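A short worksheet on the structure shown next.
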Amino acid sequence: MSKPPFDWMDSRPNPDRGKIEKARREAMYRSELEERAAMLQRLGYAKDKTRARLAGNLAWDFPDGKGPLDAGMVDAIVDKLFNGTSGTSGTSGTSGTSAGRPAPRGKGGTR
C-alpha cells in the first residue's frame, strides 16, 4: 500500500508557502512596530526617543541583526506617525481620527 487510500491523506504543501509566510511575518512585525510607536507617542515620547526605543526593541528581538524589518522601515513608521499627526488636534482631518489612535466611543455604545 504505497499510495494513501484517500486523496486528502496525501500531503501536498504549497510551493509558495515560504514567500507567503515571509510576507505575513513582515506585515505582523510592521503592525507591531506601528502599534508600539503609537503607544509611545500617546505616552508623550519624543520622535527621536520613539525611534531609538523601536530600534532597541528590534535589536533585542533579533540580536544577529537579521530582522524582518530594517532601520529604514522604523524611520518610515515613526515619520509617518509623528509627521502625520503633528499640529492637529486629533479631530480634524480626512477620517476624523489621527494615525494610531482609535475613534472615540460614544456614550452607551457597544464595546
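Ligands are numbered from 1 in the order shown, residues from 1 within each chain, and chains are lettered A, B, ... in the order they appear in the C-alpha cells.
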Residues near Leu58 in chain A, cut-off 12 Å, only C-alpha atoms, skip fewer than 2 positions along chain, as a list in words: Tyr29, Arg30, Glu32, Leu33, Arg36, Arg51, Ala52, Arg53, Leu54, Ala55, Gly56, Trp60, Asp61, Phe62, Pro63, Asp64, Gly65, Lys66, Gly67, Pro68, Leu69, Asp70, Ala71, Met73 and Val74 of chain A
How would the residues just picked look written out with C-alpha atoms as a PDB file, in the first residue's frame?
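Generated output (selection_18.pdb):
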ATOM      1  CA  TYR A  29       6.222  42.955  12.679  1.00  0.00           C
ATOM      2  CA  ARG A  30       5.321  46.171  10.832  1.00  0.00           C
ATOM      3  CA  GLU A  32       3.519  45.622  15.911  1.00  0.00           C
ATOM      4  CA  LEU A  33       6.020  48.446  15.461  1.00  0.00           C
ATOM      5  CA  ARG A  36       4.288  50.404  19.730  1.00  0.00           C
ATOM      6  CA  ARG A  51      12.767  55.826  17.071  1.00  0.00           C
ATOM      7  CA  ALA A  52      15.553  54.769  19.465  1.00  0.00           C
ATOM      8  CA  ARG A  53      13.167  52.661  21.532  1.00  0.00           C
ATOM      9  CA  LEU A  54      11.811  50.824  18.485  1.00  0.00           C
ATOM     10  CA  ALA A  55      15.313  50.238  17.117  1.00  0.00           C
ATOM     11  CA  GLY A  56      16.324  48.899  20.538  1.00  0.00           C
ATOM     12  CA  TRP A  60      16.739  42.872  21.321  1.00  0.00           C
ATOM     13  CA  ASP A  61      14.377  40.646  19.345  1.00  0.00           C
ATOM     14  CA  PHE A  62      16.947  39.917  16.621  1.00  0.00           C
ATOM     15  CA  PRO A  63      20.451  40.054  18.141  1.00  0.00           C
ATOM     16  CA  ASP A  64      22.080  38.722  14.960  1.00  0.00           C
ATOM     17  CA  GLY A  65      20.780  41.752  13.044  1.00  0.00           C
ATOM     18  CA  LYS A  66      18.787  39.672  10.562  1.00  0.00           C
ATOM     19  CA  GLY A  67      15.373  41.007  11.483  1.00  0.00           C
ATOM     20  CA  PRO A  68      12.470  41.134   9.053  1.00  0.00           C
ATOM     21  CA  LEU A  69      12.463  44.948   9.023  1.00  0.00           C
ATOM     22  CA  ASP A  70      15.373  47.317   8.560  1.00  0.00           C
ATOM     23  CA  ALA A  71      16.117  50.672  10.148  1.00  0.00           C
ATOM     24  CA  MET A  73      11.237  50.847   7.889  1.00  0.00           C
ATOM     25  CA  VAL A  74      11.419  52.003  11.523  1.00  0.00           C
TER      26      VAL A  74
END
Interatomic distance, CA of Thr50 in chain A to CA of Asp79 in chain A (Å, one decimal): 10.3 Å
Length of the CA of Met28 in chain A to CA of Ile77 in chain A vector [Å]: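 Pair CA of Met28 in chain A / CA of Ile77 in chain A returns 13.6 Å.
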Selection near Ala46 in chain A, 12 Å with only C-alpha atoms, sequence-local residues under 2 positions removed, as a VMD selection string: chain A and resid 37 to 44 48 to 53 78 to 79 81 to 83 86
Pairwise distance for CA of Lys22 in chain A and CA of Lys80 in chain A, rounded to one decimal in Å: 23.6 Å
